[in-house]
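Dropping final.txt in here (compact mmCIF, C-alpha atoms):
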# COMPACT_ATOMS: atom_id res chain seq x y z
CA MET A 1 95.53 101.01 89.84
CA VAL A 2 98.16 100.97 87.11
CA ILE A 3 97.03 100.39 83.53
CA PHE A 4 99.75 99.69 80.99
CA GLU A 5 99.24 99.62 77.23
CA ASP A 6 95.47 99.29 77.79
CA VAL A 7 96.10 95.57 78.34
CA TYR A 8 97.55 95.11 81.81
CA GLN A 9 95.80 96.24 84.96
CA ILE A 10 97.60 96.08 88.30
CA ASP A 11 95.46 96.93 91.31
CA LEU A 12 96.50 98.09 94.79
CA VAL A 13 99.81 99.57 93.71
CA PRO A 14 101.12 102.01 96.35
CA ILE A 15 101.36 105.56 95.00
CA LEU A 16 102.31 108.97 96.29
CA GLU A 17 99.95 111.85 95.61
CA CYS A 18 100.90 115.52 95.59
CA GLU A 19 97.95 117.39 97.03
CA ASN A 20 99.21 120.70 95.58
CA CYS A 21 99.49 119.69 91.92
CA ALA A 22 97.31 116.53 91.92
CA SER A 23 100.10 114.42 90.40
CA PHE A 24 100.73 110.79 91.23
CA GLU A 25 103.82 108.58 91.19
CA LEU A 26 104.69 105.07 92.29
CA VAL A 27 106.26 104.67 95.70
CA PRO A 28 109.95 104.62 94.71
CA SER A 29 110.82 101.52 96.75
CA ILE A 30 108.36 99.38 94.72
CA LYS A 31 108.82 100.98 91.29
CA GLN A 32 111.34 98.32 90.20
CA ASP A 33 108.98 95.51 91.26
CA VAL A 34 106.10 96.98 89.24
CA THR A 35 108.35 97.32 86.19
CA LYS A 36 109.51 93.72 86.59
CA LEU A 37 105.93 92.46 86.93
CA LEU A 38 104.85 94.34 83.79
CA ALA A 39 107.76 92.82 81.86
CA GLU A 40 106.81 89.33 83.06
CA LEU A 41 103.16 89.83 82.11
CA LYS A 42 104.14 91.09 78.69
CA GLN A 43 106.61 88.25 78.11
CA GLU A 44 104.03 85.65 79.12
CA HIS A 45 101.38 87.40 76.99
CA ARG A 46 99.17 87.38 80.07
CA GLU A 47 96.41 89.94 79.88
CA GLY A 48 94.02 91.00 82.56
CA ARG A 49 94.14 92.04 86.17
CA VAL A 50 96.78 91.40 88.83
CA VAL A 51 96.43 92.40 92.48
CA PHE A 52 99.84 93.77 93.43
CA THR A 53 99.41 93.05 97.14
CA HIS A 54 99.27 89.35 96.24
CA VAL A 55 102.70 89.45 94.60
CA ASN A 56 104.56 92.08 96.64
CA GLU A 57 104.95 91.91 100.42
CA LEU A 58 105.79 95.59 100.89
CA ALA A 59 102.65 96.58 98.98
CA ALA A 60 100.66 94.19 101.19
CA VAL A 61 102.10 95.76 104.35
CA LEU A 62 101.36 99.28 103.07
CA TYR A 63 97.81 98.28 102.19
CA ASP A 64 97.31 96.76 105.65
CA ILE A 65 98.49 100.03 107.21
CA TYR A 66 96.10 101.99 104.99
CA GLU A 67 93.19 99.69 105.84
CA SER A 68 93.87 99.97 109.58
CA GLY A 69 93.96 103.77 109.44
CA GLN A 70 97.51 103.91 110.82
CA GLY A 71 98.73 105.81 107.77
CA GLU A 72 97.26 109.12 108.88
CA VAL A 73 100.40 110.36 110.66
CA GLU A 74 103.44 112.53 109.93
CA LEU A 75 105.90 111.12 107.39
CA SER A 76 108.61 110.29 109.95
CA SER A 77 106.06 108.46 112.12
CA PHE A 78 104.62 106.72 109.06
CA GLU A 79 108.03 105.38 108.10
CA ALA A 80 108.44 104.02 111.64
CA VAL A 81 105.03 102.32 111.36
CA VAL A 82 106.04 100.82 107.99
CA ILE A 83 109.27 99.40 109.43
CA GLU A 84 107.44 98.01 112.47
CA LYS A 85 104.78 96.33 110.31
CA CYS A 86 107.44 94.94 107.95
CA GLU A 87 109.27 93.42 110.91
CA GLU A 88 106.00 91.88 112.13
CA ARG A 89 105.37 90.44 108.65
CA ILE A 90 108.93 89.05 108.54
CA ASN A 91 108.36 87.28 111.85
CA LEU A 92 105.10 85.81 110.54
CA LEU A 93 106.80 84.63 107.36
CA LEU A 94 109.64 83.08 109.39
CA ASP A 95 107.06 81.16 111.43
CA LEU A 96 105.41 79.99 108.20
CA TYR A 97 108.81 79.00 106.81
CA GLY A 98 109.48 76.91 109.91
CA TYR A 99 106.16 75.14 109.49
CA ALA A 100 106.76 74.59 105.76
CA LYS A 101 110.19 73.14 106.56
CA LYS A 102 108.71 70.90 109.25
CA THR A 103 106.16 69.54 106.77
CA GLY A 104 108.79 69.20 104.02
CA ASP A 105 106.97 71.50 101.58
CA CYS A 106 109.90 72.74 99.46
CA ASP A 107 107.73 74.76 97.05
CA TRP A 108 106.15 76.66 99.93
CA MET A 109 109.57 77.23 101.50
CA GLU A 110 110.81 78.69 98.22
CA GLU A 111 107.80 80.99 97.94
CA ILE A 112 108.23 82.20 101.52
CA SER A 113 111.96 82.78 100.95
CA PHE A 114 111.15 84.95 97.95
CA ARG A 115 108.59 86.94 99.96
CA LEU A 116 111.06 87.35 102.82
CA SER A 117 113.87 88.59 100.60
CA GLY A 118 112.00 91.68 99.44
CA LEU A 119 110.89 92.72 102.91
CA SER A 120 114.26 91.97 104.49
CA SER A 121 116.17 94.10 102.00
CA PHE A 122 113.67 96.92 102.46
CA VAL A 123 114.01 96.85 106.26
CA LYS A 124 117.81 96.70 106.03
CA THR A 125 117.99 99.78 103.80
CA ARG A 126 114.96 101.52 105.37
CA GLN A 127 114.48 103.40 102.12
CA PHE A 128 110.79 103.98 101.78
CA LEU A 129 110.69 107.11 99.68
CA GLU A 130 114.19 107.16 98.25
CA THR A 131 114.84 105.81 94.76
What is this structure when it is put down as structure tokens?
Amino acid sequence: MVIFEDVYQIDLVPILECENCASFELVPSIKQDVTKLLAELKQEHREGRVVFTHVNELAAVLYDIYESGQGEVELSSFEAVVIEKCEERINLLLDLYGYAKKTGDCDWMEEISFRLSGLSSFVKTRQFLET
């Protein structure tokens, strides 16, 4: 959970934890998205709680991996699992996009396109831990 200015609470934000020094930091590949979300919340004067996995596909994929127990592997294997799960999510979103297009739901198509763009760029760069 990220709490900002004692006003904004964002749950299910992926973090990295150092077991040696007990410090925490945001997963670098989502840091920009968290910053953008905080700016939007502040600009809209929206207070309260946001579930990050509902607004960020990569966070949703990482949470699914955590929930399934597949995250308990070496870092190199974990990154491979993340890429595999992202590709699976992309395929699901493409199927949903096809259905949305078939039904003529332009708003849904736009939402799916936005969700696809973040995952696609992540998979292309394959930069999970790099800033």
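Reported to one decimal place, the separation of atom CA of A:Leu41 from atom CA of A:Glu5 is 11.6 Å.
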Considering all atoms listed in the file, return as an MDAnalysis selection string whatever protein or nucleic-acid residues lie within 9 Å of A:Glu57, sequence-local ones (same chain, fewer than 2 positions apart) excluded. chainID A and resid 52:55 59:62 86 89 115:116 118:119
At what distance in Å, to one decimal, does atom CA of A:Glu17 lie from atom CA of A:Tyr63?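 Result for atom CA of A:Tyr63 versus atom CA of A:Glu17: 15.2 Å, one decimal.
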Using all atoms listed in the file, which of A:Ile112, A:Asp33, A:Pro14, A:Val2 sits nearest A:Ile65?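 Using all atoms listed in the file, the shortest distance to A:Ile65 belongs to A:Pro14.
Counting all atoms listed in the file and comparing A:Val27, A:Gln32, A:Lys101, A:Leu37, the residue that lies closest to A:Phe4 is A:Leu37.
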Find the residue from A:Glu84, A:Lys102, A:Ile10, A:Met1 that sits nearest to A:Glu47; use all atoms listed in the file when measuring.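 Going through A:Glu84, A:Lys102, A:Ile10, A:Met1 one by one, the smallest distance to A:Glu47 is for A:Ile10.
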What gap, in Å, lies between atom CA of A:Glu40 and atom CA of A:Val7?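 Rounded to one decimal, the two atoms are 13.3 Å apart.
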Residue contacts of A:Ser121 (12 Å, all atoms listed in the file) excluding same-chain residues fewer than 2 positions away, as a list of chain:residue names: A:Ser29, A:Ile30, A:Glu57, A:Leu58, A:Ile83, A:Cys86, A:Glu87, A:Ile90, A:Phe114, A:Arg115, A:Leu116, A:Ser117, A:Gly118, A:Leu119, A:Val123, A:Lys124, A:Thr125, A:Arg126, A:Gln127, A:Phe128
